[in-house]
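Trainee: start_14.txt is the file, holding compact mmCIF, C-alpha atoms:
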# COMPACT_ATOMS: atom_id res chain seq x y z
CA MET A 1 -9.97 20.16 1.31
CA ARG A 2 -8.46 22.87 3.53
CA VAL A 3 -6.88 20.90 6.35
CA PRO A 4 -3.63 22.12 7.96
CA GLY A 5 -0.76 19.87 6.92
CA PHE A 6 -2.87 17.86 4.47
CA ALA A 7 -1.34 19.52 1.40
CA TYR A 8 2.18 18.79 2.63
CA LEU A 9 1.17 15.21 3.46
CA TYR A 10 -0.26 14.66 -0.01
CA ALA A 11 2.72 16.29 -1.73
CA SER A 12 5.15 14.20 0.31
CA LEU A 13 3.27 11.02 -0.49
CA VAL A 14 3.13 11.75 -4.21
CA VAL A 15 6.85 12.57 -4.42
CA GLY A 16 7.79 9.56 -2.29
CA ARG A 17 5.53 7.23 -4.23
CA VAL A 18 6.87 8.47 -7.57
CA SER A 19 10.33 7.56 -6.29
CA GLY A 20 9.03 4.23 -4.99
CA GLN A 21 7.44 3.41 -8.34
CA MET A 22 10.70 4.30 -10.05
CA VAL A 23 12.58 1.94 -7.75
CA GLY A 24 10.07 -0.85 -8.36
CA VAL A 25 10.49 -0.59 -12.14
CA ALA A 26 14.18 0.33 -12.25
CA LEU A 27 15.26 -2.38 -9.82
CA ILE A 28 13.68 -5.18 -11.87
CA LEU A 29 15.08 -3.75 -15.11
CA PHE A 30 18.47 -3.32 -13.39
CA VAL A 31 18.61 -7.00 -12.43
CA LEU A 32 17.38 -8.20 -15.83
CA SER A 33 19.92 -6.05 -17.71
CA ARG A 34 22.93 -6.56 -15.44
CA TYR A 35 22.43 -10.18 -14.29
CA HIS A 36 20.10 -11.52 -17.04
CA SER A 37 18.17 -13.66 -14.57
CA PRO A 38 14.38 -13.66 -14.02
CA GLN A 39 14.97 -15.84 -10.95
CA LEU A 40 17.25 -13.22 -9.37
CA ALA A 41 14.77 -10.49 -10.33
CA GLY A 42 11.99 -12.32 -8.51
CA LEU A 43 14.14 -12.94 -5.44
CA THR A 44 15.23 -9.29 -5.40
CA ALA A 45 11.60 -8.14 -5.54
CA PHE A 46 10.78 -10.52 -2.68
CA LEU A 47 13.60 -9.34 -0.41
CA ALA A 48 12.86 -5.69 -1.17
CA VAL A 49 9.46 -6.05 0.50
CA ALA A 50 8.89 -9.23 2.51
CA PRO A 51 11.33 -8.80 5.47
CA GLY A 52 9.80 -5.44 6.33
CA LEU A 53 6.30 -6.90 6.24
CA VAL A 54 7.31 -9.45 8.87
CA LEU A 55 8.35 -6.59 11.15
CA SER A 56 5.14 -4.63 10.59
CA PRO A 57 3.72 -5.27 14.11
CA ILE A 58 6.75 -3.57 15.63
CA ALA A 59 6.58 -0.80 13.04
CA GLY A 60 2.92 -0.22 13.93
CA ALA A 61 3.73 0.01 17.62
CA LEU A 62 6.45 2.56 16.87
CA LEU A 63 4.03 4.62 14.76
CA ASP A 64 1.41 4.79 17.51
CA ARG A 65 4.03 5.57 20.15
CA PHE A 66 6.52 8.00 18.58
CA GLY A 67 4.55 9.73 15.84
CA ARG A 68 4.00 8.92 12.22
CA ALA A 69 5.49 11.84 10.28
CA ARG A 70 9.02 11.52 11.65
CA LEU A 71 9.10 7.76 11.04
CA VAL A 72 7.87 8.22 7.48
CA MET A 73 10.77 10.65 7.04
CA LEU A 74 13.17 8.00 8.39
CA ASP A 75 12.02 5.46 5.80
CA ASN A 76 12.37 8.03 3.01
CA LEU A 77 15.96 8.74 4.00
CA VAL A 78 16.80 5.03 4.24
CA ALA A 79 15.33 4.50 0.76
CA ALA A 80 17.39 7.41 -0.61
CA ALA A 81 20.59 5.98 0.82
CA THR A 82 19.78 2.53 -0.58
CA GLY A 83 19.24 3.73 -4.14
CA LEU A 84 22.48 5.70 -4.12
CA LEU A 85 24.42 2.78 -2.63
CA VAL A 86 23.23 0.26 -5.22
CA ALA A 87 23.92 2.69 -8.08
CA GLY A 88 27.37 3.61 -6.76
CA LEU A 89 28.49 0.03 -6.22
CA SER A 90 27.23 -0.99 -9.65
CA TRP A 91 29.14 1.86 -11.29
CA ARG A 92 32.29 0.59 -9.56
CA HIS A 93 31.51 -2.99 -10.70
CA ALA A 94 31.50 -4.00 -7.04
CA LEU A 95 27.96 -5.34 -6.66
CA PRO A 96 27.80 -9.13 -6.70
CA ALA A 97 24.33 -10.64 -6.45
CA PRO A 98 24.61 -11.59 -2.72
CA LEU A 99 25.53 -8.00 -1.81
CA LEU A 100 22.61 -6.64 -3.87
CA LEU A 101 20.22 -8.98 -2.06
CA SER A 102 21.67 -7.94 1.32
CA ILE A 103 21.16 -4.25 0.57
CA VAL A 104 17.55 -4.62 -0.56
CA PHE A 105 16.89 -6.83 2.49
CA VAL A 106 18.08 -4.10 4.86
CA SER A 107 16.19 -1.39 2.98
CA SER A 108 12.90 -3.27 3.35
CA LEU A 109 13.01 -3.23 7.15
CA THR A 110 11.75 0.37 7.41
CA LEU A 111 9.17 0.09 4.62
CA PRO A 112 6.13 -0.46 6.93
CA LEU A 113 6.91 2.84 8.67
CA SER A 114 6.21 4.75 5.49
CA ASN A 115 3.29 2.66 4.27
CA GLY A 116 1.42 2.39 7.56
CA GLY A 117 2.39 5.82 8.84
CA ALA A 118 1.29 7.73 5.76
CA ARG A 119 -1.97 5.82 5.38
CA SER A 120 -2.92 6.29 9.05
CA LEU A 121 -2.35 10.06 8.82
CA PHE A 122 -5.14 10.47 6.25
CA PRO A 123 -8.10 9.69 8.56
CA ILE A 124 -6.49 11.75 11.34
CA LEU A 125 -6.03 14.93 9.31
CA ALA A 126 -9.23 14.69 7.24
CA PRO A 127 -12.76 14.91 8.73
CA ARG A 128 -14.82 11.72 8.60
CA ARG A 129 -17.36 13.12 6.16
CA LEU A 130 -14.53 13.66 3.65
CA TRP A 131 -12.91 10.24 4.03
CA GLU A 132 -14.05 9.01 0.61
CA ARG A 133 -12.55 12.07 -1.08
CA ALA A 134 -9.40 11.88 1.03
CA ASN A 135 -9.03 8.21 0.16
CA ALA A 136 -9.63 9.00 -3.50
CA LEU A 137 -6.72 11.45 -3.24
CA ASP A 138 -4.68 8.76 -1.50
CA SER A 139 -5.47 6.34 -4.32
CA THR A 140 -4.67 8.96 -6.94
CA GLY A 141 -1.32 9.42 -5.22
CA HIS A 142 -0.56 5.81 -6.10
CA VAL A 143 -1.77 6.08 -9.67
CA ILE A 144 -0.01 9.41 -10.24
CA ALA A 145 3.14 7.71 -9.01
CA THR A 146 2.56 4.94 -11.54
CA LEU A 147 1.66 7.46 -14.23
CA LEU A 148 4.84 9.50 -13.72
CA GLY A 149 7.33 7.26 -11.95
CA ALA A 150 7.11 4.17 -14.16
CA PRO A 151 7.61 5.96 -17.50
CA LEU A 152 10.37 8.12 -16.00
CA ALA A 153 12.17 5.05 -14.68
CA GLY A 154 11.80 3.24 -17.99
CA ALA A 155 13.08 6.26 -19.94
CA LEU A 156 16.07 6.73 -17.64
CA VAL A 157 16.95 3.04 -17.82
CA GLY A 158 16.65 3.07 -21.61
CA PHE A 159 18.60 6.27 -22.27
CA ALA A 160 20.98 6.62 -19.31
CA GLY A 161 21.14 3.20 -17.67
CA PRO A 162 19.49 1.61 -14.62
CA GLU A 163 22.07 3.05 -12.24
CA TRP A 164 21.03 6.60 -13.11
CA ALA A 165 17.39 5.68 -12.58
CA LEU A 166 18.13 4.28 -9.10
CA ALA A 167 20.30 7.27 -8.17
CA THR A 168 17.58 9.71 -9.26
CA THR A 169 15.15 8.18 -6.79
CA GLY A 170 17.38 9.35 -3.96
CA ILE A 171 16.63 12.98 -4.82
CA GLY A 172 12.90 12.28 -4.78
CA TYR A 173 13.03 10.53 -1.42
CA VAL A 174 14.96 13.42 0.14
CA ALA A 175 12.35 15.87 -1.18
CA ALA A 176 9.55 13.68 0.22
CA ALA A 177 11.22 13.70 3.63
CA ALA A 178 11.53 17.49 3.55
CA LEU A 179 7.82 17.89 2.75
CA MET A 180 6.81 15.44 5.47
CA ALA A 181 8.72 17.58 7.98
CA ARG A 182 6.00 20.25 7.47
CA VAL A 183 3.16 17.88 8.42
CA HIS A 184 1.63 18.41 11.87
CA ASP A 185 1.31 15.01 13.52
CA PRO A 186 -1.24 15.13 16.38
CA THR A 187 0.17 12.02 18.07
CA SER A 188 0.68 12.68 21.78
CA ARG A 189 2.96 10.88 24.20
CA GLU A 190 1.40 8.68 26.86
CA ALA A 191 3.26 7.61 29.97
CA GLY A 192 3.04 4.10 31.33
CA ARG A 193 2.60 2.27 28.03
CA PRO A 194 3.79 -1.33 27.81
CA SER A 195 6.94 -2.26 25.92
CA ILE A 196 7.18 -2.04 22.14
CA PHE A 197 6.91 -5.82 21.83
CA VAL A 198 3.80 -6.00 24.02
CA ASP A 199 2.24 -3.21 21.96
CA ALA A 200 3.12 -5.12 18.78
CA TRP A 201 1.51 -8.30 20.17
CA HIS A 202 -1.64 -6.37 21.09
CA GLY A 203 -1.74 -5.01 17.54
CA LEU A 204 -1.51 -8.50 16.08
CA ARG A 205 -4.36 -9.71 18.28
CA TYR A 206 -6.46 -6.69 17.42
CA VAL A 207 -6.12 -7.32 13.68
CA ALA A 208 -6.69 -11.07 14.08
CA ARG A 209 -9.91 -10.47 16.05
CA ASN A 210 -11.22 -7.68 13.85
CA ALA A 211 -13.58 -9.41 11.40
CA SER A 212 -13.25 -6.70 8.74
CA LEU A 213 -9.45 -6.64 8.75
CA ARG A 214 -9.33 -10.43 8.82
CA GLY A 215 -11.66 -10.71 5.83
CA LEU A 216 -9.65 -8.16 3.87
CA ALA A 217 -6.43 -10.01 4.64
CA LEU A 218 -7.79 -13.29 3.29
CA THR A 219 -8.88 -11.68 0.04
CA LEU A 220 -6.03 -9.27 -0.67
CA SER A 221 -3.16 -11.57 0.26
CA THR A 222 -4.47 -13.97 -2.41
CA PHE A 223 -5.28 -11.30 -4.99
CA ASN A 224 -1.87 -9.67 -4.64
CA LEU A 225 -0.15 -12.88 -5.72
CA SER A 226 -1.26 -11.89 -9.22
CA TRP A 227 0.34 -8.45 -8.89
CA GLY A 228 3.59 -10.06 -7.78
CA VAL A 229 3.65 -12.27 -10.87
CA LEU A 230 2.90 -9.35 -13.19
CA ASN A 231 5.70 -7.26 -11.68
CA ILE A 232 8.20 -9.72 -13.17
CA ALA A 233 6.23 -11.16 -16.10
CA ILE A 234 5.33 -7.85 -17.79
CA PRO A 235 8.96 -6.61 -18.14
CA VAL A 236 10.08 -10.04 -19.38
CA MET A 237 7.17 -10.12 -21.84
CA VAL A 238 7.89 -6.65 -23.21
CA LEU A 239 11.66 -7.07 -23.46
CA GLY A 240 11.48 -10.62 -24.82
CA ARG A 241 8.31 -11.51 -26.69
CA LEU A 242 7.34 -8.00 -27.86
CA HIS A 243 10.95 -6.83 -28.42
CA GLY A 244 10.29 -3.53 -26.67
CA GLY A 245 12.64 -1.50 -24.51
CA PRO A 246 12.71 -0.33 -20.87
CA ALA A 247 10.80 2.82 -21.81
CA THR A 248 7.93 0.67 -23.11
CA VAL A 249 7.76 -1.13 -19.76
CA GLY A 250 7.49 2.20 -17.96
CA LEU A 251 4.84 3.49 -20.35
CA LEU A 252 2.74 0.36 -19.81
CA TRP A 253 2.68 0.89 -16.05
CA GLY A 254 1.99 4.57 -16.70
CA ALA A 255 -1.04 3.65 -18.81
CA MET A 256 -2.33 1.55 -15.92
CA GLY A 257 -1.88 4.54 -13.63
CA ALA A 258 -3.84 6.78 -16.00
CA GLY A 259 -6.79 4.38 -15.94
CA GLY A 260 -6.68 4.19 -12.16
CA LEU A 261 -6.47 7.97 -11.78
CA VAL A 262 -9.69 8.57 -13.71
CA SER A 263 -11.68 5.83 -11.96
CA ALA A 264 -10.44 6.79 -8.47
CA LEU A 265 -11.49 10.41 -8.92
CA LEU A 266 -14.93 9.34 -10.19
CA PHE A 267 -15.62 6.82 -7.45
CA GLY A 268 -14.15 9.07 -4.75
CA ARG A 269 -17.27 11.28 -5.06
CA ILE A 270 -19.57 8.35 -4.23
CA ASN A 271 -20.48 7.41 -0.67
CA SER A 272 -19.15 3.86 -0.43
CA ARG A 273 -20.92 2.99 2.85
CA GLY A 274 -22.65 -0.36 2.41
CA ARG A 275 -21.25 -0.75 -1.12
CA GLU A 276 -17.69 -1.76 -0.24
CA ARG A 277 -18.14 -5.48 -0.97
CA HIS A 278 -19.74 -4.87 -4.35
CA LEU A 279 -17.03 -2.40 -5.41
CA MET A 280 -14.20 -4.70 -4.35
CA VAL A 281 -15.63 -7.91 -5.80
CA GLY A 282 -16.48 -6.15 -9.07
CA ALA A 283 -12.95 -4.77 -9.30
CA ILE A 284 -11.44 -8.24 -8.76
CA VAL A 285 -13.65 -9.74 -11.49
CA VAL A 286 -12.64 -7.04 -14.00
CA SER A 287 -8.95 -7.39 -13.09
CA ALA A 288 -9.02 -11.19 -13.47
CA ALA A 289 -10.70 -10.89 -16.88
CA ALA A 290 -8.11 -8.34 -18.03
CA MET A 291 -5.21 -10.49 -16.82
CA ALA A 292 -6.62 -13.43 -18.78
CA LEU A 293 -5.98 -11.44 -21.99
CA LEU A 294 -2.24 -11.23 -21.38
CA PRO A 295 -1.25 -14.85 -22.19
CA LEU A 296 -3.11 -14.50 -25.51
CA ALA A 297 -1.63 -11.11 -26.42
CA ALA A 298 0.52 -11.17 -29.52
CA SER A 299 0.84 -7.40 -29.91
CA LEU A 300 1.49 -4.38 -27.73
CA PRO A 301 -1.99 -2.78 -28.16
CA VAL A 302 -3.66 -5.83 -26.60
CA VAL A 303 -1.27 -5.69 -23.64
CA VAL A 304 -1.97 -1.96 -23.24
CA ALA A 305 -5.74 -2.56 -23.25
CA ALA A 306 -5.45 -5.29 -20.60
CA ILE A 307 -3.19 -3.20 -18.36
CA VAL A 308 -5.47 -0.15 -18.61
CA MET A 309 -8.47 -2.33 -17.63
CA VAL A 310 -6.57 -3.48 -14.55
CA GLY A 311 -5.82 0.14 -13.66
CA VAL A 312 -9.45 1.23 -14.08
CA ALA A 313 -10.57 -1.57 -11.75
CA ASN A 314 -7.96 -0.61 -9.17
CA GLY A 315 -9.41 2.90 -8.56
CA PRO A 316 -12.76 1.94 -6.95
CA PHE A 317 -11.10 -1.01 -5.24
CA ASP A 318 -8.68 1.29 -3.40
CA VAL A 319 -11.37 3.80 -2.40
CA ALA A 320 -13.58 1.05 -0.94
CA LEU A 321 -10.66 -0.68 0.78
CA PHE A 322 -9.17 2.43 2.41
CA THR A 323 -12.52 3.80 3.61
CA LEU A 324 -13.70 0.48 5.00
CA ARG A 325 -10.50 -0.10 6.95
CA GLN A 326 -10.73 3.37 8.49
CA ARG A 327 -14.37 2.93 9.51
CA ARG A 328 -13.76 -0.44 11.11
CA THR A 329 -10.61 0.49 13.06
CA ASP A 330 -10.49 2.23 16.42
CA PRO A 331 -8.51 5.50 15.95
CA ALA A 332 -6.32 4.59 18.93
CA TRP A 333 -5.07 1.60 16.90
CA PHE A 334 -4.55 3.31 13.53
CA GLY A 335 -0.75 2.92 13.47
CA ARG A 336 -0.62 -0.70 14.61
CA ALA A 337 -3.72 -1.89 12.76
CA PHE A 338 -2.86 -0.16 9.49
CA ALA A 339 0.78 -1.29 9.45
CA ILE A 340 -0.14 -4.91 10.17
CA SER A 341 -3.22 -4.99 7.94
CA MET A 342 -1.39 -3.44 4.98
CA SER A 343 1.54 -5.83 5.40
CA VAL A 344 -0.66 -8.93 5.56
CA ASN A 345 -2.65 -7.71 2.58
CA TRP A 346 0.52 -7.02 0.61
CA ILE A 347 2.40 -10.22 1.48
CA GLY A 348 1.12 -11.90 -1.67
CA THR A 349 3.03 -9.45 -3.89
CA PRO A 350 6.61 -10.41 -2.93
CA ILE A 351 5.64 -14.08 -2.74
CA GLY A 352 4.16 -13.88 -6.23
CA SER A 353 7.31 -12.19 -7.53
CA ALA A 354 9.58 -14.82 -5.95
CA LEU A 355 7.52 -17.67 -7.44
CA ALA A 356 7.24 -15.94 -10.82
CA GLY A 357 11.00 -16.02 -11.51
CA PRO A 358 11.39 -19.82 -11.76
CA VAL A 359 8.05 -20.19 -13.54
CA ILE A 360 8.98 -17.57 -16.15
CA ALA A 361 12.31 -19.32 -16.74
CA TRP A 362 10.24 -22.39 -17.66
CA SER A 363 7.31 -20.70 -19.44
CA LEU A 364 6.22 -17.07 -19.65
CA GLU A 365 2.72 -18.12 -20.72
CA ALA A 366 2.36 -20.32 -17.64
CA ALA A 367 3.26 -17.39 -15.38
CA LEU A 368 0.74 -15.08 -17.10
CA TRP A 369 -2.03 -17.69 -16.84
CA ALA A 370 -1.14 -18.20 -13.18
CA ALA A 371 -1.61 -14.47 -12.54
CA ALA A 372 -5.12 -14.57 -14.01
CA ILE A 373 -6.10 -17.84 -12.32
CA VAL A 374 -4.84 -16.84 -8.87
CA ALA A 375 -7.05 -13.73 -8.97
CA ILE A 376 -10.21 -15.84 -9.25
CA PRO A 377 -10.09 -17.43 -5.75
CA ALA A 378 -9.65 -13.93 -4.31
CA ASP A 379 -13.21 -13.31 -5.49
CA ALA A 380 -14.87 -16.71 -5.42
CA GLY A 381 -12.92 -18.52 -2.71
CA ASN A 382 -12.54 -15.63 -0.31
CA GLY A 383 -15.78 -13.84 -1.18
CA GLN A 384 -17.51 -15.40 1.81
CA ALA A 385 -14.73 -14.20 4.11
CA VAL A 386 -15.11 -10.69 2.73
CA ARG A 387 -18.88 -10.81 3.22
CA GLU A 388 -18.38 -11.89 6.83
CA GLY A 389 -15.80 -9.19 7.44
CA LEU A 390 -17.57 -6.29 5.74
CA PRO A 391 -20.58 -4.68 7.37
CA SER A 392 -23.90 -5.71 5.88
CA ASP A 393 -26.09 -3.19 4.11
CA GLN A 394 -28.38 -3.05 7.13
CA ALA A 395 -25.45 -2.60 9.49
CA ALA A 396 -24.18 0.19 7.28
CA ARG A 397 -27.57 1.90 7.41
CA ASP A 398 -27.64 1.54 11.19
CA GLN A 399 -24.14 2.93 11.33
CA ALA A 400 -25.19 5.92 9.24
CA ASP A 401 -27.82 6.73 11.87
CA ASP A 402 -25.31 6.68 14.72
CA PRO A 403 -25.16 10.13 16.38
CA ALA A 404 -21.49 9.69 17.13
CA GLU A 405 -20.85 9.05 13.46
CA ASP A 406 -22.77 12.19 12.54
CA ALA A 407 -20.74 14.20 15.02
CA ASP A 408 -17.53 12.91 13.50
CA ARG A 409 -18.68 13.82 10.02
CA ASP A 410 -19.34 17.37 11.19
CA ALA A 411 -15.98 17.75 12.88
CA ASP A 412 -14.31 20.04 10.38
CA ASP A 413 -12.09 21.84 12.85
CA PRO A 414 -8.66 20.21 13.38
CA ALA A 415 -9.01 20.61 17.15
CA ASP A 416 -12.36 18.84 17.06
CA ARG A 417 -10.85 15.99 15.06
CA THR A 418 -8.00 15.63 17.51
CA ALA A 419 -10.46 15.62 20.41
CA ALA A 420 -12.55 13.03 18.62
CA LEU A 421 -9.60 10.67 18.71
CA ASP A 422 -9.61 10.88 22.51
CA ARG A 423 -13.23 9.77 22.79
CA PRO A 424 -14.15 6.14 23.33
CA ALA A 425 -14.10 4.09 20.14
CA ALA A 426 -17.27 3.79 18.09
CA ALA A 427 -19.66 0.98 18.80
CA ASP A 428 -18.92 -0.77 15.51
CA ASP A 429 -15.53 -1.82 16.93
CA ALA A 430 -16.80 -3.30 20.16
CA GLY A 431 -17.61 -6.66 18.65
CA ASP A 432 -14.06 -7.06 17.34
CA ARG A 433 -12.22 -6.21 20.54
CA LYS A 434 -12.11 -7.95 23.93
CA PRO A 435 -11.36 -6.13 27.20
CA ASP A 436 -8.37 -8.31 28.04
CA GLU A 437 -6.54 -7.29 24.86
CA ILE A 438 -6.71 -3.53 25.47
CA PRO A 439 -3.42 -2.10 26.78
CA ALA A 440 -3.54 -0.12 29.98
CA GLY A 441 -3.25 3.20 28.18
CA ASP A 442 -6.22 2.40 25.93
CA LYS A 443 -8.31 1.26 28.93
CA ARG A 444 -7.75 4.65 30.53
CA GLN A 445 -8.88 6.27 27.32
CA ARG A 446 -12.12 4.30 27.28
CA ASP A 447 -12.72 4.96 30.99
CA GLY A 448 -12.44 8.71 30.49
CA GLY A 449 -9.05 9.00 32.20
CA GLU A 450 -5.85 10.11 30.51
CA PRO A 451 -6.25 10.83 26.81
CA GLY A 452 -4.96 8.24 24.41
CA GLU A 453 -1.82 8.75 22.42
CA ASP A 454 -3.76 9.76 19.29
As structure tokens, how would this structure be written, given the file I've shared?
Mentor:
Amino acid sequence: MRVPGFAYLYASLVVGRVSGQMVGVALILFVLSRYHSPQLAGLTAFLAVAPGLVLSPIAGALLDRFGRARLVMLDNLVAAATGLLVAGLSWRHALPAPLLLSIVFVSSLTLPLSNGGARSLFPILAPRRLWERANALDSTGHVIATLLGAPLAGALVGFAGPEWALATTGIGYVAAAALMARVHDPTSREAGRPSIFVDAWHGLRYVARNASLRGLALTLSTFNLSWGVLNIAIPVMVLGRLHGGPATVGLLWGAMGAGGLVSALLFGRINSRGRERHLMVGAIVVSAAAMALLPLAASLPVVVAAIVMVGVANGPFDVALFTLRQRRTDPAWFGRAFAISMSVNWIGTPIGSALAGPVIAWSLEAALWAAAIVAIPADAGNGQAVREGLPSDQAARDQADDPAEDADRDADDPADRTAALDRPAAADDAGDRKPDEIPAGDKRQRDGGEPGED
């Protein structure tokens, strides 16, 4: 895929996500080893993510207004400073629990800038006909991060201490910011836009009225409760019941990443149009079945098998999710819609982690069963919502015959792709968007006046 800036974007994402995966593993192990409290570990995981998700509408408005690459760089630098601060204070024995929680709270506030900004750059820099492959690369960026970052964090915690693991992430985040500085962001400035808060409100209404994004939010926010529980339960299970070390925790997450890497690359070569629902529902079923093995696992090989199954299911799920969201979102709304949609989808993870701490203190088995059981309604209970949100097979076939869609798939030249973002949105978005919710700048874009910001 020879797209200017795409290689730097992918390299920056991989390096940043490796550091992020290291933080996710090292921070939980840090709290468990230094404070010996699953409850505090769950609360730390919650505050490291949830406050930023609440601010995602504002983050999305900033991304659409001021450019995505520079704001992704800002989040990387904030994350680097946070890791170094926590490590330094812990080395000086000057990090009481309230101060730790305050630091991770502040660090979470910029998180949607990186998540939403990076994800919305993929469909801008890659031609439409290569979206599945680009999204497969995006998904492999996550699994490579899990494959490398988790074992590295576990090894550093085991052999050098959790402070060294957290400090090391700062170097990775700085490198990710430097690579992102080489990415060409085609976002253009538009005069006369409403205030940031009005833009954020418009983004919220757009996501709420977009049937596809609404259906995804109902399903993923429930499904991700299971991931939040596992983030705390797996380390406690390995360190306690299986008598393993921090390196074993990292290797388990790495094994999950390996399974996801293979499946994402395989499914990234398949046209997912019209198959999104089947891929996502199938992945949820496989994940729930694998999670149900964990409460019964009495040995490490069984845990490894279950975790790898979850990783394999995650590959096609990500490809279908990313591609669907891109197809069903007006390019002029990529920053706002992606930041808000991703945050709503992800909100279950910190909530699951916060709830897991007290449950684990009472019973580890109960927490593991809860992770498996909560995944079932994401398929059965919210399946109807997903079916309503996702385009039907017939709609997908009609969409495939759309001349505008064909033109977009043929737009290999970066200038053509940038120009395509200034055209009126595709017809598949019209049903999700009302005229009174379109900001003045976007109305001009649809009327053929001033080009939109993207």
Trainee: Please identify all polymer residues within 8 Å of Met73 of chain A, counting all atoms listed in the file, omitting same-chain residues fewer than 6 positions from it, and present them as a list of chain:residue names.
Mentor: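 Final neighbour list, sorted by chain and number: A:Ser114, A:Ala176, A:Ala177, A:Ala178, A:Met180, A:Ala181.
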Trainee: Using all atoms listed in the file, pick whichever of A:Asn231, A:Ser12, A:Thr82, A:Ser120 has the shortest atom-to-atom distance to Thr323 of chain A.
Mentor: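 Looking only at the distances to Thr323 of chain A, the closest residue turns out to be A:Ser120.
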Trainee: Work out how far apart atom CA of Pro98 of chain A and atom CA of Val31 of chain A are and give it in Å to one decimal.
Mentor: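 Computed distance, atom CA of Pro98 of chain A to atom CA of Val31 of chain A, equals 12.3 Å.
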Trainee: Given only C-alpha atoms as the basis, pick out the residue of A:Thr219, A:Asn224, A:Thr349, A:Thr248 nearest to Leu29 of chain A.
Mentor: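 Counting only C-alpha atoms, the residue closest to Leu29 of chain A is A:Thr248.
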Trainee: Applying 12 Å and all atoms listed in the file, which residues near Ala297 of chain A remain after dropping the ones on its own chain fewer than 2 positions away? List them as a PDB file with C-alpha atoms, keeping the file's coordinate frame.
Mentor:
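New file around_33.pdb:
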ATOM      1  CA  ILE A 234       5.330  -7.850 -17.790  1.00  0.00           C
ATOM      2  CA  MET A 237       7.170 -10.120 -21.840  1.00  0.00           C
ATOM      3  CA  VAL A 238       7.890  -6.650 -23.210  1.00  0.00           C
ATOM      4  CA  ARG A 241       8.310 -11.510 -26.690  1.00  0.00           C
ATOM      5  CA  LEU A 242       7.340  -8.000 -27.860  1.00  0.00           C
ATOM      6  CA  ALA A 290      -8.110  -8.340 -18.030  1.00  0.00           C
ATOM      7  CA  MET A 291      -5.210 -10.490 -16.820  1.00  0.00           C
ATOM      8  CA  ALA A 292      -6.620 -13.430 -18.780  1.00  0.00           C
ATOM      9  CA  LEU A 293      -5.980 -11.440 -21.990  1.00  0.00           C
ATOM     10  CA  LEU A 294      -2.240 -11.230 -21.380  1.00  0.00           C
ATOM     11  CA  PRO A 295      -1.250 -14.850 -22.190  1.00  0.00           C
ATOM     12  CA  SER A 299       0.840  -7.400 -29.910  1.00  0.00           C
ATOM     13  CA  LEU A 300       1.490  -4.380 -27.730  1.00  0.00           C
ATOM     14  CA  PRO A 301      -1.990  -2.780 -28.160  1.00  0.00           C
ATOM     15  CA  VAL A 302      -3.660  -5.830 -26.600  1.00  0.00           C
ATOM     16  CA  VAL A 303      -1.270  -5.690 -23.640  1.00  0.00           C
ATOM     17  CA  VAL A 304      -1.970  -1.960 -23.240  1.00  0.00           C
ATOM     18  CA  ALA A 305      -5.740  -2.560 -23.250  1.00  0.00           C
ATOM     19  CA  ALA A 306      -5.450  -5.290 -20.600  1.00  0.00           C
ATOM     20  CA  ILE A 307      -3.190  -3.200 -18.360  1.00  0.00           C
ATOM     21  CA  LEU A 364       6.220 -17.070 -19.650  1.00  0.00           C
ATOM     22  CA  GLU A 365       2.720 -18.120 -20.720  1.00  0.00           C
ATOM     23  CA  LEU A 368       0.740 -15.080 -17.100  1.00  0.00           C
ATOM     24  CA  TRP A 369      -2.030 -17.690 -16.840  1.00  0.00           C
TER      25      TRP A 369
END
